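S.K.: This one is entry.txt, compact mmCIF, C-alpha atoms and all ligand atoms.
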```txt
# COMPACT_ATOMS: atom_id res chain seq x y z
CA MET A 1240 124.89 -147.84 -50.44
CA ILE A 1241 121.32 -149.09 -50.16
CA VAL A 1242 118.72 -147.25 -52.24
CA LYS A 1243 115.13 -147.62 -51.11
CA PHE A 1244 112.22 -146.13 -53.03
CA CYS A 1245 109.19 -145.96 -50.78
CA GLY A 1246 105.46 -145.47 -51.13
CA LEU A 1247 104.89 -147.34 -54.39
CA LYS A 1248 101.18 -147.68 -55.12
CA ARG A 1249 100.85 -149.01 -58.65
CA LEU A 1250 102.17 -151.86 -60.75
CA VAL A 1251 103.68 -149.30 -63.09
CA ASP A 1252 105.76 -148.00 -60.15
CA VAL A 1253 107.19 -151.49 -59.75
CA GLU A 1254 107.92 -151.71 -63.48
CA MET A 1255 109.87 -148.43 -63.23
CA CYS A 1256 111.82 -149.85 -60.31
CA ASN A 1257 112.57 -153.04 -62.23
CA LYS A 1258 114.28 -150.84 -64.84
CA LEU A 1259 116.21 -148.79 -62.29
CA GLN A 1260 117.01 -151.53 -59.76
CA PRO A 1261 116.89 -149.83 -56.35
CA ASP A 1262 117.85 -152.28 -53.59
CA MET A 1263 114.50 -152.04 -51.80
CA ILE A 1264 110.95 -150.92 -52.49
CA GLY A 1265 108.63 -149.84 -49.71
CA LEU A 1266 104.90 -150.57 -49.56
CA ILE A 1267 102.97 -148.57 -46.97
CA PHE A 1268 100.48 -150.29 -44.68
CA ALA A 1269 100.37 -147.37 -42.22
CA GLN A 1270 97.88 -144.50 -42.47
CA SER A 1271 99.07 -142.50 -45.47
CA PRO A 1272 97.92 -141.27 -48.86
CA ARG A 1273 100.36 -143.92 -50.12
CA ARG A 1274 98.77 -146.80 -48.24
CA VAL A 1275 98.25 -149.93 -50.35
CA GLU A 1276 95.74 -152.72 -49.95
CA LYS A 1277 97.15 -156.19 -49.28
CA ASP A 1278 95.91 -157.65 -52.58
CA ILE A 1279 97.54 -154.90 -54.64
CA ALA A 1280 100.72 -155.21 -52.59
CA LYS A 1281 100.77 -158.94 -53.33
CA ASP A 1282 100.61 -158.30 -57.09
CA MET A 1283 103.33 -155.66 -56.79
CA ILE A 1284 105.62 -158.04 -54.94
CA LEU A 1285 105.04 -160.75 -57.54
CA ALA A 1286 105.88 -158.24 -60.29
CA LYS A 1287 109.17 -156.99 -58.81
CA SER A 1288 112.60 -158.23 -59.85
CA PRO A 1289 113.81 -160.93 -57.44
CA SER A 1290 116.89 -158.80 -56.74
CA ILE A 1291 114.77 -156.01 -55.20
CA LYS A 1292 113.83 -156.52 -51.55
CA SER A 1293 110.28 -155.78 -50.39
CA VAL A 1294 109.74 -153.64 -47.29
CA GLY A 1295 106.37 -153.21 -45.54
CA VAL A 1296 106.03 -149.90 -43.70
CA PHE A 1297 103.97 -149.85 -40.48
CA LYS A 1298 103.31 -147.28 -37.74
CA ASP A 1299 102.04 -148.17 -34.27
CA GLN A 1300 100.06 -151.12 -35.58
CA ASN A 1301 99.05 -154.16 -33.61
CA ILE A 1302 101.94 -156.61 -33.87
CA SER A 1303 99.58 -159.39 -35.00
CA GLU A 1304 98.66 -157.28 -38.05
CA VAL A 1305 102.34 -156.76 -38.88
CA ILE A 1306 103.03 -160.49 -38.53
CA GLU A 1307 100.01 -161.43 -40.64
CA ILE A 1308 100.88 -159.07 -43.51
CA ALA A 1309 104.61 -159.83 -43.43
CA THR A 1310 103.92 -163.58 -43.47
CA GLN A 1311 101.26 -163.54 -46.17
CA LEU A 1312 103.31 -161.29 -48.48
CA GLN A 1313 106.66 -162.85 -47.52
CA LEU A 1314 108.09 -159.38 -46.94
CA ASP A 1315 111.88 -159.20 -46.84
CA PHE A 1316 111.78 -156.43 -44.20
CA VAL A 1317 109.28 -154.69 -41.95
CA GLN A 1318 109.89 -150.97 -41.35
CA LEU A 1319 108.48 -149.57 -38.12
CA HIS A 1320 107.77 -145.83 -37.99
CA GLY A 1321 106.02 -145.41 -34.67
CA ARG A 1322 106.66 -145.97 -30.98
CA GLU A 1323 107.43 -149.68 -31.37
CA ASP A 1324 109.78 -150.55 -28.51
CA CYS A 1325 112.67 -153.02 -28.18
CA GLU A 1326 110.35 -155.82 -27.00
CA TYR A 1327 108.12 -155.39 -30.05
CA ILE A 1328 111.16 -155.58 -32.34
CA LYS A 1329 112.70 -158.54 -30.48
CA HIS A 1330 109.44 -160.43 -30.86
CA LEU A 1331 109.47 -159.89 -34.64
CA LYS A 1332 113.16 -160.83 -34.82
CA ASN A 1333 112.53 -164.04 -32.86
CA LEU A 1334 109.92 -164.97 -35.46
CA GLY A 1335 112.53 -164.50 -38.19
CA PHE A 1336 111.50 -161.10 -39.59
CA ARG A 1337 114.11 -158.53 -40.57
CA VAL A 1338 113.40 -155.09 -39.12
CA ILE A 1339 114.18 -151.51 -40.11
CA LYS A 1340 113.45 -149.25 -37.13
CA ALA A 1341 112.70 -145.67 -38.10
CA ILE A 1342 113.23 -142.86 -35.60
CA GLU A 1343 111.74 -139.40 -36.07
CA VAL A 1344 114.61 -137.03 -35.48
CA LYS A 1345 113.81 -133.60 -34.09
CA GLY A 1346 117.03 -133.03 -32.20
CA GLN A 1347 120.15 -134.49 -30.62
CA GLU A 1348 118.17 -136.52 -28.03
CA ASP A 1349 116.58 -138.56 -30.81
CA ILE A 1350 120.01 -139.63 -32.04
CA LYS A 1351 120.62 -141.14 -28.58
CA ILE A 1352 117.24 -142.90 -28.77
CA ALA A 1353 118.05 -144.24 -32.25
CA LYS A 1354 121.34 -145.69 -30.98
CA ARG A 1355 119.43 -148.02 -28.62
CA TYR A 1356 118.07 -149.88 -31.63
CA VAL A 1357 121.39 -150.48 -33.37
CA GLU A 1358 121.95 -153.89 -31.75
CA ILE A 1359 118.30 -154.95 -32.03
CA ALA A 1360 117.13 -153.94 -35.50
CA ASP A 1361 118.78 -154.89 -38.79
CA PHE A 1362 118.87 -151.23 -39.81
CA VAL A 1363 118.17 -147.96 -38.03
CA LEU A 1364 116.55 -145.32 -40.22
CA LEU A 1365 116.72 -141.62 -39.34
CA ASP A 1366 113.70 -139.71 -40.66
CA ARG A 1367 112.20 -136.33 -39.87
CA PRO A 1368 108.60 -135.86 -38.70
CA LYS A 1369 106.24 -135.73 -41.68
CA ASP A 1370 105.06 -132.18 -40.88
CA SER A 1371 108.58 -130.81 -40.47
CA SER A 1372 110.98 -129.02 -42.79
CA LEU A 1373 113.95 -129.69 -40.50
CA ASP A 1374 117.28 -130.17 -42.25
CA ILE A 1375 117.83 -133.64 -40.84
CA THR A 1376 121.39 -133.79 -42.19
CA LYS A 1377 122.48 -131.24 -39.55
CA VAL A 1378 121.34 -133.53 -36.72
CA ALA A 1379 122.21 -136.86 -38.38
CA LYS A 1380 125.85 -135.69 -38.48
CA LEU A 1381 125.94 -136.36 -34.74
CA ALA A 1382 125.24 -140.10 -35.14
CA ASP A 1383 128.24 -142.36 -34.55
CA PHE A 1384 126.55 -145.51 -35.83
CA ASP A 1385 125.38 -146.84 -39.21
CA TYR A 1386 122.02 -145.58 -40.40
CA ILE A 1387 119.77 -145.20 -43.42
CA ILE A 1388 118.80 -141.57 -43.95
CA ALA A 1389 115.38 -140.30 -45.08
CA GLY A 1390 113.30 -137.18 -44.84
CA GLY A 1391 113.01 -134.73 -47.67
CA ILE A 1392 115.51 -136.26 -50.10
CA THR A 1393 115.11 -134.99 -53.67
CA PRO A 1394 117.25 -135.24 -56.81
CA GLU A 1395 118.30 -131.62 -56.15
CA ASN A 1396 119.50 -132.02 -52.56
CA ILE A 1397 120.62 -135.66 -52.39
CA ASP A 1398 124.33 -134.77 -52.40
CA LYS A 1399 124.12 -133.34 -48.89
CA TYR A 1400 122.55 -136.61 -47.66
CA LEU A 1401 125.17 -138.71 -49.49
CA ASN A 1402 127.91 -136.63 -47.89
CA LEU A 1403 126.85 -138.04 -44.52
CA ASN A 1404 128.09 -141.41 -45.82
CA PRO A 1405 124.95 -143.27 -44.69
CA VAL A 1406 124.47 -147.02 -45.27
CA GLY A 1407 121.43 -146.14 -47.33
CA ILE A 1408 118.99 -143.52 -48.50
CA ASP A 1409 115.19 -143.80 -48.49
CA VAL A 1410 113.07 -141.56 -50.72
CA SER A 1411 109.32 -141.23 -51.08
CA SER A 1412 107.81 -137.80 -51.83
CA GLY A 1413 110.98 -136.55 -53.56
CA ILE A 1414 110.49 -139.00 -56.43
CA GLU A 1415 106.87 -137.98 -57.03
CA THR A 1416 105.14 -135.48 -59.29
CA GLU A 1417 101.56 -134.62 -58.38
CA GLY A 1418 101.35 -137.62 -56.07
CA TYR A 1419 102.65 -140.21 -58.52
CA LYS A 1420 106.08 -141.81 -58.74
CA ASP A 1421 108.10 -140.13 -61.48
CA PHE A 1422 110.58 -142.20 -63.51
CA ALA A 1423 112.83 -139.24 -64.35
CA LYS A 1424 113.20 -138.26 -60.68
CA MET A 1425 113.87 -141.86 -59.67
CA LYS A 1426 116.54 -142.14 -62.37
CA LYS A 1427 118.21 -138.92 -61.19
CA ILE A 1428 118.49 -140.38 -57.69
CA ILE A 1429 120.03 -143.63 -59.01
CA ASP A 1430 122.44 -141.64 -61.23
CA MET A 1431 123.51 -139.46 -58.29
CA VAL A 1432 124.13 -142.51 -56.09
CA ASN A 1433 126.20 -144.11 -58.86
CA LYS A 1434 128.25 -140.91 -59.18
CA TYR A 1435 128.78 -140.91 -55.43
CA LYS A 1436 129.94 -144.54 -55.56
CA VAL A 1437 132.63 -143.77 -58.14
CA GLY A 1438 133.74 -140.68 -56.21
CA GLU A 1439 132.27 -138.03 -58.52
CA ILE A 1440 130.42 -136.59 -55.53
CA GLU A 1441 132.72 -135.80 -52.67
CA ASN A 1442 132.51 -138.37 -49.89
CA GLY A 1443 131.80 -136.73 -46.56
O1 LIG B 1501 105.72 -142.17 -47.28
C1 LIG B 1501 104.74 -142.20 -46.49
O2 LIG B 1501 103.63 -141.83 -46.83
C2 LIG B 1501 104.94 -142.74 -45.09
C3 LIG B 1501 103.85 -142.82 -44.25
C4 LIG B 1501 103.99 -143.33 -42.97
C5 LIG B 1501 105.22 -143.76 -42.52
C6 LIG B 1501 106.33 -143.66 -43.36
C7 LIG B 1501 106.22 -143.16 -44.64
N1 LIG B 1501 107.29 -143.06 -45.50
C8 LIG B 1501 108.63 -143.04 -45.07
O3 LIG B 1501 109.01 -141.68 -44.91
C9 LIG B 1501 110.39 -141.54 -45.22
C10 LIG B 1501 110.69 -140.59 -46.34
O4 LIG B 1501 109.70 -139.78 -46.69
P1 LIG B 1501 109.96 -138.54 -47.69
O5 LIG B 1501 110.98 -138.96 -48.72
O6 LIG B 1501 110.44 -137.40 -46.85
O7 LIG B 1501 108.62 -138.32 -48.30
C11 LIG B 1501 110.87 -142.89 -45.64
O8 LIG B 1501 111.43 -143.53 -44.54
C12 LIG B 1501 109.61 -143.59 -46.07
O9 LIG B 1501 109.79 -144.97 -45.93
```
What does the file become when written as structure tokens?
Ligand SMILES: O=C(O)c1ccccc1N[C@@H]1O[C@H](COP(=O)(O)O)[C@@H](O)[C@H]1O

M.R.:
Amino acid sequence: MIVKFCGLKRLVDVEMCNKLQPDMIGLIFAQSPRRVEKDIAKDMILAKSPSIKSVGVFKDQNISEVIEIATQLQLDFVQLHGREDCEYIKHLKNLGFRVIKAIEVKGQEDIKIAKRYVEIADFVLLDRPKDSSLDITKVAKLADFDYIIAGGITPENIDKYLNLNPVGIDVSSGIETEGYKDFAKMKKIIDMVNKYKVGEIENG
């Protein structure tokens, strides 16, 4: 089970992750209140444990910008949250980048769209639109392929996401308090995933 903590903005966020050891940390280069500047991102990547993979999050950005940032920061993965198509992803893959393709899920049709990327991207990520309160777990149940799940995960509701038996979970706002990453919330997520791994939370 991959655990990704996304939207880190400060060095102290990285230090908290070094203690908790999620598998991946996400740095946002798309338009967002969590967007980080390249120089700060570079320091954060240098400060992370080598065991934690770095993920750059982009949305509908010019591919040359993605390539430039991913190369300069030696990102382990690029995560694409917009309308990037198969050609865009294939181009990045041909250059040696590993890609997480995020699909905004609003209904059953989006699960079919997500499936198209299974053979092309390294991981498919099912997320809900940022302005939505949709219970994505109800729709994600319909997917018959491996996916990372995101969209509204919190320490209080994570069990219903884990019960989908996803390959990973991705959390951003649910590990924040007043806009800042919160160590206690991050630890609760890690503890819940560990419980799930040893079967203390029912598996799907
Ligand atoms: O977190 C952001 O600000 C963000 C902005 C633009 C694209 C993606 C973003 N984050 C991704 O959103 C999901 C989870 O979000 P949340 O836990 O519901 O807040 C995850 O895939 C993040 O990588």

S.K.: Hey, can I get the axis-aligned box for ligand LIG 1501 (chain B)? All listed atoms, 4 Å padding on each side, centre and edge lengths in Å to one decimal, as lines of an AutoDock Vina configuration file.

M.R.:
```
center_x = 107.5
center_y = -141.2
center_z = -45.6
size_x = 15.8
size_y = 15.6
size_z = 14.2
```

S.K.: A:Gln1311, A:Met1263, A:Asp1370, A:Asn1433: which is nearest A:Ser1293, counting all atoms listed in the file?

M.R.: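 Nearest candidate to A:Ser1293 out of A:Gln1311, A:Met1263, A:Asp1370, A:Asn1433: A:Met1263.
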
S.K.: Around ligand LIG 1501 (chain B), out to 7 Å and counting all atoms listed in the file, which residues are there? I want them as a PyMOL selection string.

M.R.: chain A and resi 1245-1246+1265+1267+1269-1273+1296-1298+1320+1341+1364+1366+1369+1389-1392+1409-1413

S.K.: What separation in Å, quoted to one decimal, exists between atom CA of A:Lys1329 and atom CA of A:Asp1262?

M.R.: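 Atom CA of A:Lys1329 sits 24.5 Å away from atom CA of A:Asp1262.
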
S.K.: From the list A:Lys1332, A:Gln1313, A:Met1240, A:Val1437, which residue is nearest A:Pro1405 when using all atoms listed in the file?

M.R.: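 Using all atoms listed in the file, A:Pro1405 sits closest to A:Met1240.
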
S.K.: With all atoms listed in the file as the basis for distance, which of A:Met1425, A:Met1431, A:Val1275, A:Ile1264 is at the shortest distance from A:Pro1289?

M.R.: A:Ile1264

S.K.: Take stretch 1425-1436 of chain A, model N, CA and C atoms, and hand the result over as a compact mmCIF listing (two decimals), in the coordinates of the input.

M.R.:
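Saved the output as result09.txt:
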```
# COMPACT_ATOMS: atom_id res chain seq x y z
N MET A 1425 113.26 -140.64 -60.22
CA MET A 1425 113.87 -141.86 -59.67
C MET A 1425 115.23 -142.12 -60.33
N LYS A 1426 115.28 -141.90 -61.63
CA LYS A 1426 116.54 -142.14 -62.37
C LYS A 1426 117.62 -141.16 -61.91
N LYS A 1427 117.22 -139.91 -61.66
CA LYS A 1427 118.21 -138.92 -61.19
C LYS A 1427 118.83 -139.36 -59.86
N ILE A 1428 117.99 -139.90 -58.99
CA ILE A 1428 118.49 -140.38 -57.69
C ILE A 1428 119.50 -141.52 -57.92
N ILE A 1429 119.13 -142.49 -58.75
CA ILE A 1429 120.03 -143.63 -59.01
C ILE A 1429 121.33 -143.11 -59.64
N ASP A 1430 121.23 -142.18 -60.58
CA ASP A 1430 122.44 -141.64 -61.23
C ASP A 1430 123.33 -140.94 -60.21
N MET A 1431 122.72 -140.18 -59.30
CA MET A 1431 123.51 -139.46 -58.29
C MET A 1431 124.21 -140.46 -57.35
N VAL A 1432 123.51 -141.51 -56.98
CA VAL A 1432 124.13 -142.51 -56.09
C VAL A 1432 125.29 -143.19 -56.82
N ASN A 1433 125.11 -143.49 -58.10
CA ASN A 1433 126.20 -144.11 -58.86
C ASN A 1433 127.40 -143.18 -58.96
N LYS A 1434 127.15 -141.88 -59.14
CA LYS A 1434 128.25 -140.91 -59.18
C LYS A 1434 128.98 -140.88 -57.83
N TYR A 1435 128.19 -140.92 -56.78
CA TYR A 1435 128.78 -140.91 -55.43
C TYR A 1435 129.68 -142.14 -55.24
N LYS A 1436 129.18 -143.29 -55.75
CA LYS A 1436 129.94 -144.54 -55.56
C LYS A 1436 131.29 -144.48 -56.27
```
